[in-house]
file data.csv (CSV, C-alpha atoms)
chain,number,residue,atom,x,y,z
U,1,MET,CA,-5.1,-2.5,33.6
U,2,LEU,CA,-4.8,-0.6,30.3
U,3,LEU,CA,-6.9,-1.8,27.4
U,4,ILE,CA,-5.2,-0.9,24.2
U,5,PRO,CA,-7.2,-0.8,20.9
U,6,ALA,CA,-5.4,-2.3,18.0
U,7,ILE,CA,-5.4,-0.6,14.6
U,8,ASP,CA,-4.0,-3.1,12.1
U,9,LEU,CA,-3.1,-1.6,8.8
U,10,LYS,CA,-3.2,-3.4,5.4
U,11,ASP,CA,-3.0,-1.4,2.2
U,12,GLY,CA,-3.8,1.8,4.1
U,13,HIS,CA,-7.0,0.3,5.6
U,14,CYS,CA,-7.9,-0.7,9.2
U,15,VAL,CA,-8.3,-4.5,9.1
U,16,ARG,CA,-8.3,-7.6,11.3
U,17,LEU,CA,-6.7,-10.9,10.4
U,18,LYS,CA,-7.5,-14.4,11.7
U,19,GLN,CA,-4.4,-16.1,13.1
U,20,GLY,CA,-2.1,-13.8,11.1
U,21,ASP,CA,-3.4,-14.9,7.7
U,22,MET,CA,-3.1,-12.0,5.3
U,23,ASP,CA,-5.6,-13.7,3.0
U,24,ASP,CA,-8.2,-13.7,5.8
U,25,ALA,CA,-8.5,-10.0,6.4
U,26,THR,CA,-11.7,-8.2,7.3
U,27,VAL,CA,-11.7,-4.4,6.5
U,28,PHE,CA,-13.2,-2.4,9.3
U,29,SER,CA,-12.4,1.1,8.0
U,30,GLU,CA,-10.8,2.9,5.2
U,31,ASP,CA,-9.9,5.8,7.5
U,32,PRO,CA,-7.5,4.7,10.2
U,33,ALA,CA,-7.1,8.2,11.6
U,34,ALA,CA,-10.9,8.4,12.2
U,35,ILE,CA,-10.7,5.0,14.0
U,36,ALA,CA,-7.9,6.4,16.2
U,37,ARG,CA,-10.0,9.4,17.1
U,38,HIS,CA,-13.0,7.1,17.8
U,39,TRP,CA,-11.0,5.1,20.3
U,40,ILE,CA,-9.6,8.1,22.0
U,41,GLY,CA,-13.2,9.3,22.3
U,42,GLN,CA,-14.1,6.0,23.9
U,43,GLY,CA,-11.4,6.5,26.6
U,44,ALA,CA,-8.4,4.8,25.2
U,45,ARG,CA,-5.1,5.8,26.9
U,46,ARG,CA,-2.8,4.1,24.4
U,47,LEU,CA,-3.1,2.8,20.8
U,48,HIS,CA,-1.5,-0.2,19.2
U,49,LEU,CA,-0.6,0.2,15.5
U,50,VAL,CA,0.6,-2.6,13.3
U,51,ASP,CA,1.9,-2.3,9.8
U,52,LEU,CA,0.8,-5.7,8.5
U,53,ASN,CA,2.3,-5.2,5.0
U,54,GLY,CA,5.5,-4.0,6.7
U,55,ALA,CA,5.7,-7.1,8.9
U,56,PHE,CA,5.7,-9.3,5.8
U,57,ALA,CA,7.9,-7.1,3.7
U,58,GLY,CA,10.5,-6.4,6.4
U,59,LYS,CA,10.2,-2.6,6.0
U,60,PRO,CA,7.4,-0.1,6.7
U,61,LYS,CA,4.7,0.0,4.0
U,62,ASN,CA,1.8,2.0,5.5
U,63,GLU,CA,3.7,5.1,6.4
U,64,THR,CA,1.0,7.5,5.0
U,65,ALA,CA,-1.7,5.9,7.2
U,66,ILE,CA,0.6,5.8,10.2
U,67,LYS,CA,1.4,9.5,9.8
U,68,ALA,CA,-2.3,10.3,9.5
U,69,VAL,CA,-3.0,8.5,12.8
U,70,LEU,CA,-0.1,10.2,14.5
U,71,LYS,CA,-1.3,13.6,13.3
U,72,GLU,CA,-4.8,12.8,14.5
U,73,VAL,CA,-3.7,11.6,17.9
U,74,GLY,CA,-1.1,14.4,18.5
U,75,ASP,CA,0.0,14.5,22.1
U,76,ASP,CA,-3.3,13.1,23.4
U,77,ILE,CA,-2.1,9.5,24.1
U,78,PRO,CA,1.0,7.4,23.4
U,79,VAL,CA,1.1,5.2,20.3
U,80,GLN,CA,3.0,2.0,20.0
U,81,LEU,CA,3.9,0.7,16.5
U,82,GLY,CA,5.1,-2.6,15.2
U,83,GLY,CA,5.6,-4.3,11.8
U,84,GLY,CA,8.6,-4.3,9.6
U,85,ILE,CA,10.9,-2.4,12.0
U,86,ARG,CA,14.3,-3.9,11.2
U,87,ASP,CA,17.0,-1.2,11.6
U,88,LEU,CA,17.9,1.8,13.9
U,89,ASP,CA,17.2,4.4,11.2
U,90,THR,CA,13.6,3.2,10.9
U,91,ILE,CA,13.2,3.4,14.7
U,92,GLU,CA,14.6,6.9,14.8
U,93,ARG,CA,12.2,7.9,12.0
U,94,CYS,CA,9.2,6.4,13.8
U,95,LEU,CA,10.1,8.2,17.0
U,96,ASP,CA,10.6,11.5,15.2
U,97,ASP,CA,7.2,11.1,13.6
U,98,GLY,CA,5.6,10.9,17.1
U,99,VAL,CA,5.5,7.2,17.9
U,100,SER,CA,6.1,6.6,21.6
U,101,TYR,CA,7.1,3.0,21.6
U,102,VAL,CA,8.5,0.9,18.8
U,103,ILE,CA,7.7,-2.9,18.9
U,104,ILE,CA,10.3,-5.2,17.6
U,105,GLY,CA,9.2,-8.8,16.9
U,106,THR,CA,10.7,-11.1,14.3
U,107,ALA,CA,13.9,-9.0,14.1
U,108,ALA,CA,14.5,-9.4,17.9
U,109,VAL,CA,14.4,-13.2,17.6
U,110,LYS,CA,16.5,-13.4,14.4
U,111,ASN,CA,18.9,-10.6,15.2
U,112,PRO,CA,19.2,-10.1,19.0
U,113,GLY,CA,22.2,-7.8,18.4
U,114,PHE,CA,19.9,-5.4,16.7
U,115,LEU,CA,17.4,-5.4,19.6
U,116,HIS,CA,20.4,-4.9,22.0
U,117,ASP,CA,21.6,-1.9,20.0
U,118,ALA,CA,18.0,-0.5,19.8
U,119,CYS,CA,17.6,-0.6,23.6
U,120,GLY,CA,20.9,1.2,24.0
U,121,ALA,CA,20.2,3.9,21.4
U,122,PHE,CA,16.5,4.5,22.4
U,123,PRO,CA,16.1,3.6,26.1
U,124,GLY,CA,12.5,3.6,27.3
U,125,HIS,CA,11.1,3.3,23.8
U,126,ILE,CA,11.6,-0.3,22.8
U,127,ILE,CA,8.9,-3.0,23.4
U,128,VAL,CA,9.5,-6.6,22.2
U,129,GLY,CA,6.7,-8.6,20.7
U,130,LEU,CA,6.8,-12.3,21.3
U,131,ASP,CA,4.3,-14.5,19.5
U,132,ALA,CA,4.1,-18.1,20.6
U,133,ARG,CA,2.3,-21.3,20.2
U,134,ASP,CA,2.6,-23.9,22.9
U,135,GLY,CA,5.4,-21.9,24.5
U,136,LYS,CA,7.5,-21.8,21.4
U,137,VAL,CA,8.2,-18.5,19.6
U,138,ALA,CA,7.0,-17.9,16.0
U,139,VAL,CA,8.5,-15.4,13.5
U,140,ASP,CA,7.8,-13.9,10.0
U,141,GLY,CA,4.2,-13.1,10.6
U,142,TRP,CA,3.7,-16.4,12.4
U,143,SER,CA,4.6,-18.3,9.3
U,144,LYS,CA,7.7,-20.0,10.9
U,145,MET,CA,8.0,-21.7,14.2
U,146,THR,CA,11.3,-21.5,16.1
U,147,GLY,CA,12.7,-23.8,18.8
U,148,HIS,CA,13.0,-20.8,21.2
U,149,ASP,CA,11.2,-21.0,24.5
U,150,VAL,CA,9.3,-17.8,25.1
U,151,ILE,CA,10.3,-17.4,28.7
U,152,ASP,CA,14.0,-17.9,28.0
U,153,LEU,CA,13.9,-15.3,25.2
U,154,ALA,CA,11.9,-12.8,27.2
U,155,LYS,CA,14.4,-13.0,30.1
U,156,LYS,CA,17.3,-12.4,27.7
U,157,PHE,CA,15.5,-9.4,26.2
U,158,GLU,CA,14.7,-8.0,29.6
U,159,ASP,CA,18.4,-7.9,30.4
U,160,TYR,CA,18.9,-5.9,27.2
U,161,GLY,CA,16.6,-3.2,28.6
U,162,VAL,CA,13.3,-3.6,26.8
U,163,GLU,CA,10.4,-1.6,28.3
U,164,ALA,CA,7.8,-4.3,28.1
U,165,VAL,CA,6.9,-7.6,26.4
U,166,ILE,CA,3.8,-8.0,24.3
U,167,TYR,CA,2.8,-11.6,24.5
U,168,THR,CA,0.5,-13.1,21.8
U,169,ASP,CA,-0.9,-16.6,21.8
U,170,ILE,CA,-1.1,-17.1,18.1
U,171,GLY,CA,-3.6,-19.9,18.4
U,172,ARG,CA,-6.1,-17.5,19.7
U,173,ASP,CA,-5.4,-14.2,18.0
U,174,GLY,CA,-8.4,-12.9,16.0
U,175,MET,CA,-10.5,-15.9,17.0
U,176,LEU,CA,-12.4,-14.5,19.9
U,177,SER,CA,-11.7,-17.7,21.8
U,178,GLY,CA,-10.5,-16.1,25.1
U,179,VAL,CA,-7.1,-15.1,26.4
U,180,ASN,CA,-4.5,-17.7,27.4
U,181,VAL,CA,-4.4,-16.4,31.0
U,182,ASP,CA,-2.2,-19.2,32.3
U,183,ALA,CA,0.5,-18.8,29.8
U,184,THR,CA,0.5,-15.0,30.1
U,185,VAL,CA,0.7,-15.2,33.9
U,186,LYS,CA,3.6,-17.7,33.7
U,187,LEU,CA,5.6,-15.4,31.5
U,188,ALA,CA,4.8,-12.3,33.7
U,189,GLN,CA,5.9,-14.1,36.8
U,190,ALA,CA,9.3,-14.9,35.2
U,191,LEU,CA,10.0,-11.2,34.4
U,192,ARG,CA,10.5,-7.9,36.2
U,193,ILE,CA,9.2,-5.8,33.3
U,194,PRO,CA,5.5,-5.5,32.4
U,195,VAL,CA,3.7,-8.0,30.1
U,196,ILE,CA,1.0,-6.8,27.8
U,197,ALA,CA,-1.4,-9.6,26.9
U,198,SER,CA,-2.6,-10.0,23.3
U,199,GLY,CA,-4.7,-12.4,21.3
U,200,GLY,CA,-8.1,-13.8,22.0
U,201,ILE,CA,-10.0,-11.2,24.1
U,202,ALA,CA,-13.7,-11.8,23.3
U,203,ASN,CA,-15.7,-10.1,26.0
U,204,LEU,CA,-15.8,-8.5,29.4
U,205,LYS,CA,-15.2,-11.9,31.1
U,206,ASP,CA,-11.8,-12.1,29.5
U,207,VAL,CA,-11.0,-8.5,30.7
U,208,LYS,CA,-12.0,-9.4,34.2
U,209,ALA,CA,-9.9,-12.6,34.1
U,210,LEU,CA,-6.8,-10.5,33.2
U,211,CYS,CA,-7.6,-7.9,35.8
U,212,ALA,CA,-7.7,-10.7,38.4
U,213,VAL,CA,-4.1,-11.5,37.7
U,214,GLN,CA,-2.7,-8.1,36.8
U,215,GLY,CA,-0.7,-8.2,40.2
U,216,GLU,CA,1.5,-10.8,38.6
U,217,GLY,CA,2.9,-8.2,36.3
U,218,ILE,CA,0.3,-7.8,33.5
U,219,SER,CA,0.0,-4.1,32.7
U,220,GLY,CA,-2.3,-4.1,29.8
U,221,ALA,CA,-4.2,-6.0,27.1
U,222,ILE,CA,-4.4,-5.4,23.4
U,223,THR,CA,-7.9,-5.9,21.9
U,224,GLY,CA,-8.9,-5.9,18.2
U,225,ARG,CA,-11.6,-8.0,16.7
U,226,ALA,CA,-13.8,-7.9,19.8
U,227,ILE,CA,-14.1,-4.1,19.9
U,228,TYR,CA,-14.7,-3.9,16.1
U,229,GLU,CA,-17.3,-6.7,16.0
U,230,GLY,CA,-19.0,-5.4,19.1
U,231,THR,CA,-18.6,-8.4,21.5
U,232,LEU,CA,-16.7,-6.1,23.8
U,233,ASP,CA,-17.8,-2.5,24.6
U,234,PHE,CA,-14.4,-0.8,24.9
U,235,LYS,CA,-15.6,2.2,27.0
U,236,LYS,CA,-17.4,-0.1,29.5
U,237,ALA,CA,-14.5,-2.6,29.6
U,238,GLN,CA,-11.9,0.1,30.4
U,239,ALA,CA,-14.2,1.6,33.1
U,240,GLU,CA,-14.6,-1.9,34.6
U,241,ALA,CA,-10.9,-2.5,34.4
U,242,ASP,CA,-10.2,0.8,36.2
U,243,LYS,CA,-12.7,-0.2,38.9
U,244,LEU,CA,-11.1,-3.6,39.4
U,245,SER,CA,-7.6,-2.1,39.4
U,246,LYS,CA,-8.3,0.2,42.4
U,247,PRO,CA,-6.6,-1.1,45.6
call {"tool": "encode", "arguments": {"input": "data.csv", "output": "structure tokens"}}
result
Amino acid sequence: MLLIPAIDLKDGHCVRLKQGDMDDATVFSEDPAAIARHWIGQGARRLHLVDLNGAFAGKPKNETAIKAVLKEVGDDIPVQLGGGIRDLDTIERCLDDGVSYVIIGTAAVKNPGFLHDACGAFPGHIIVGLDARDGKVAVDGWSKMTGHDVIDLAKKFEDYGVEAVIYTDIGRDGMLSGVNVDATVKLAQALRIPVIASGGIANLKDVKALCAVQGEGISGAITGRAIYEGTLDFKKAQAEADKLSKP
């Protein structure tokens, strides 16, 4: 089980939001590159970067901070990036800059043809992010609910050739209220590709709960607020996850 620290970027700073609310942001650092180095030092084997301004604007907005993180990380570990990625040129630019995986969220739901083209043009580099509440997918920074069933959409995108699905329960994200394990397992069981859990990790108990079901197809978990506020010790949690993952 891979624990993936989240670095959410807003106005060039590392922040955390509560339930996707841009007006409810806590700034944790004004130096995202230093934060990236910190998590590598704590044993992170992948980083999750989100351009929050980009997600709302529909195009990248924190490129200076993103490039600083990529320069700091170098070839040490892979970086996955989401937020405002809406066309193939942007994907190509991100990959050229050193991003390993590009996350497509809203654009995948609104424009499946784009996701299909992206998977064809950049095989092995495309992850789809599905954010859901009560099994239904949300778009546009969670501001709009759709009628799409998350499992049906994920199956369709799996057929396109996406590398993995990041599943976020938006009722729990940034709330430290625990992971929706049942919903995550249900999705993972319906797919052949890995599911990365996101939203709600509060402590080591949540990590252990996910490790207990990782055999269902859950390859990792993104963690944000918990590791910044100290309710989860990242280094200890990854060590525990590694221990629990051994056959």
call {"tool": "closest_atom_pairs", "arguments": {"input": "data.csv", "of": "range 75-188 of chain U", "to": "range 4-13 of chain U", "cutoff": "12 Å", "atoms": "all atoms listed in the file", "output": "JSON lines"}}
result
{"residue": "U:Ile77", "atom": "CA", "partner": "U:Ile4", "partner_atom": "CA", "distance": 10.9}
{"residue": "U:Pro78", "atom": "CA", "partner": "U:Ile4", "partner_atom": "CA", "distance": 10.4}
{"residue": "U:Val79", "atom": "CA", "partner": "U:Ile4", "partner_atom": "CA", "distance": 9.6}
{"residue": "U:Gln80", "atom": "CA", "partner": "U:Ala6", "partner_atom": "CA", "distance": 9.6}
{"residue": "U:Leu81", "atom": "CA", "partner": "U:Ile7", "partner_atom": "CA", "distance": 9.6}
{"residue": "U:Gly82", "atom": "CA", "partner": "U:Asp8", "partner_atom": "CA", "distance": 9.6}
{"residue": "U:Gly83", "atom": "CA", "partner": "U:Leu9", "partner_atom": "CA", "distance": 9.6}
{"residue": "U:Ile166", "atom": "CA", "partner": "U:Ile4", "partner_atom": "CA", "distance": 11.5}
{"residue": "U:Asp173", "atom": "CA", "partner": "U:Ala6", "partner_atom": "CA", "distance": 11.9}
{"residue": "U:Gly174", "atom": "CA", "partner": "U:Ala6", "partner_atom": "CA", "distance": 11.2}
call {"tool": "write_last_selection", "arguments": {"input": "data.csv", "atoms": "C-alpha atoms", "output": "PDB file, in the frame of the given file"}}
result
ATOM      1  CA  ILE U  77      -2.100   9.500  24.100  1.00  0.00           C
ATOM      2  CA  PRO U  78       1.000   7.400  23.400  1.00  0.00           C
ATOM      3  CA  VAL U  79       1.100   5.200  20.300  1.00  0.00           C
ATOM      4  CA  GLN U  80       3.000   2.000  20.000  1.00  0.00           C
ATOM      5  CA  LEU U  81       3.900   0.700  16.500  1.00  0.00           C
ATOM      6  CA  GLY U  82       5.100  -2.600  15.200  1.00  0.00           C
ATOM      7  CA  GLY U  83       5.600  -4.300  11.800  1.00  0.00           C
ATOM      8  CA  ILE U 166       3.800  -8.000  24.300  1.00  0.00           C
ATOM      9  CA  ASP U 173      -5.400 -14.200  18.000  1.00  0.00           C
ATOM     10  CA  GLY U 174      -8.400 -12.900  16.000  1.00  0.00           C
TER      11      GLY U 174
END
call {"tool": "atom_distance", "arguments": {"input": "data.csv", "atom1": "CA of Arg86 in chain U", "atom2": "CA of Arg133 in chain U"}}
result
23.0 Å
call {"tool": "closest_residue", "arguments": {"input": "data.csv", "among": "U:Trp39, U:Ala55, U:Cys119, U:His48", "to": "Met22 in chain U", "atoms": "all atoms listed in the file"}}
result
U:Ala55
call {"tool": "residues_around", "arguments": {"input": "data.csv", "residues": "range 235-240 of chain U", "least_positions_apart": "4", "cutoff": "12 Å", "atoms": "all atoms listed in the file", "output": "PyMOL selection string"}}
result
chain U and resi 1-5+38-46+201-212+220-223+226-227+230-231+244-246
call {"tool": "write_last_selection", "arguments": {"input": "data.csv", "atoms": "C-alpha atoms", "output": "PDB file, in the frame of the given file"}}
result
ATOM      1  CA  MET U   1      -5.100  -2.500  33.600  1.00  0.00           C
ATOM      2  CA  LEU U   2      -4.800  -0.600  30.300  1.00  0.00           C
ATOM      3  CA  LEU U   3      -6.900  -1.800  27.400  1.00  0.00           C
ATOM      4  CA  ILE U   4      -5.200  -0.900  24.200  1.00  0.00           C
ATOM      5  CA  PRO U   5      -7.200  -0.800  20.900  1.00  0.00           C
ATOM      6  CA  HIS U  38     -13.000   7.100  17.800  1.00  0.00           C
ATOM      7  CA  TRP U  39     -11.000   5.100  20.300  1.00  0.00           C
ATOM      8  CA  ILE U  40      -9.600   8.100  22.000  1.00  0.00           C
ATOM      9  CA  GLY U  41     -13.200   9.300  22.300  1.00  0.00           C
ATOM     10  CA  GLN U  42     -14.100   6.000  23.900  1.00  0.00           C
ATOM     11  CA  GLY U  43     -11.400   6.500  26.600  1.00  0.00           C
ATOM     12  CA  ALA U  44      -8.400   4.800  25.200  1.00  0.00           C
ATOM     13  CA  ARG U  45      -5.100   5.800  26.900  1.00  0.00           C
ATOM     14  CA  ARG U  46      -2.800   4.100  24.400  1.00  0.00           C
ATOM     15  CA  ILE U 201     -10.000 -11.200  24.100  1.00  0.00           C
ATOM     16  CA  ALA U 202     -13.700 -11.800  23.300  1.00  0.00           C
ATOM     17  CA  ASN U 203     -15.700 -10.100  26.000  1.00  0.00           C
ATOM     18  CA  LEU U 204     -15.800  -8.500  29.400  1.00  0.00           C
ATOM     19  CA  LYS U 205     -15.200 -11.900  31.100  1.00  0.00           C
ATOM     20  CA  ASP U 206     -11.800 -12.100  29.500  1.00  0.00           C
ATOM     21  CA  VAL U 207     -11.000  -8.500  30.700  1.00  0.00           C
ATOM     22  CA  LYS U 208     -12.000  -9.400  34.200  1.00  0.00           C
ATOM     23  CA  ALA U 209      -9.900 -12.600  34.100  1.00  0.00           C
ATOM     24  CA  LEU U 210      -6.800 -10.500  33.200  1.00  0.00           C
ATOM     25  CA  CYS U 211      -7.600  -7.900  35.800  1.00  0.00           C
ATOM     26  CA  ALA U 212      -7.700 -10.700  38.400  1.00  0.00           C
ATOM     27  CA  GLY U 220      -2.300  -4.100  29.800  1.00  0.00           C
ATOM     28  CA  ALA U 221      -4.200  -6.000  27.100  1.00  0.00           C
ATOM     29  CA  ILE U 222      -4.400  -5.400  23.400  1.00  0.00           C
ATOM     30  CA  THR U 223      -7.900  -5.900  21.900  1.00  0.00           C
ATOM     31  CA  ALA U 226     -13.800  -7.900  19.800  1.00  0.00           C
ATOM     32  CA  ILE U 227     -14.100  -4.100  19.900  1.00  0.00           C
ATOM     33  CA  GLY U 230     -19.000  -5.400  19.100  1.00  0.00           C
ATOM     34  CA  THR U 231     -18.600  -8.400  21.500  1.00  0.00           C
ATOM     35  CA  LEU U 244     -11.100  -3.600  39.400  1.00  0.00           C
ATOM     36  CA  SER U 245      -7.600  -2.100  39.400  1.00  0.00           C
ATOM     37  CA  LYS U 246      -8.300   0.200  42.400  1.00  0.00           C
TER      38      LYS U 246
END
call {"tool": "residues_near_point", "arguments": {"input": "data.csv", "point": "(13.1, -9.1, 20.4)", "cutoff": "12 Å", "atoms": "all atoms listed in the file", "output": "number ranges by chain"}}
result
U: 82, 85-86, 102-119, 126-131, 137-139, 148, 150, 152-167
call {"tool": "closest_residue", "arguments": {"input": "data.csv", "among": "U:Val179, U:Gly54, U:Ser143, U:Ala34", "to": "Leu70 in chain U", "atoms": "all atoms listed in the file"}}
result
U:Ala34
call {"tool": "closest_residue", "arguments": {"input": "data.csv", "among": "U:Leu47, U:Tyr228, U:Pro194, U:Asp233", "to": "Val15 in chain U", "atoms": "only C-alpha atoms"}}
result
U:Tyr228
call {"tool": "residues_near_point", "arguments": {"input": "data.csv", "point": "(4.2, 2.8, 6.9)", "cutoff": "7 Å", "atoms": "all atoms listed in the file", "output": "MDAnalysis selection string"}}
result
chainID U and resid 51 54 60:66
call {"tool": "atom_distance", "arguments": {"input": "data.csv", "atom1": "CA of Pro123 in chain U", "atom2": "CA of Arg192 in chain U"}}
result
16.3 Å
call {"tool": "atom_distance", "arguments": {"input": "data.csv", "atom1": "CA of Thr168 in chain U", "atom2": "CA of Ser198 in chain U"}}
result
4.6 Å
call {"tool": "closest_residue", "arguments": {"input": "data.csv", "among": "U:Arg225, U:Lys186, U:Arg16, U:Arg93", "to": "Gly135 in chain U", "atoms": "all atoms listed in the file"}}
result
U:Lys186
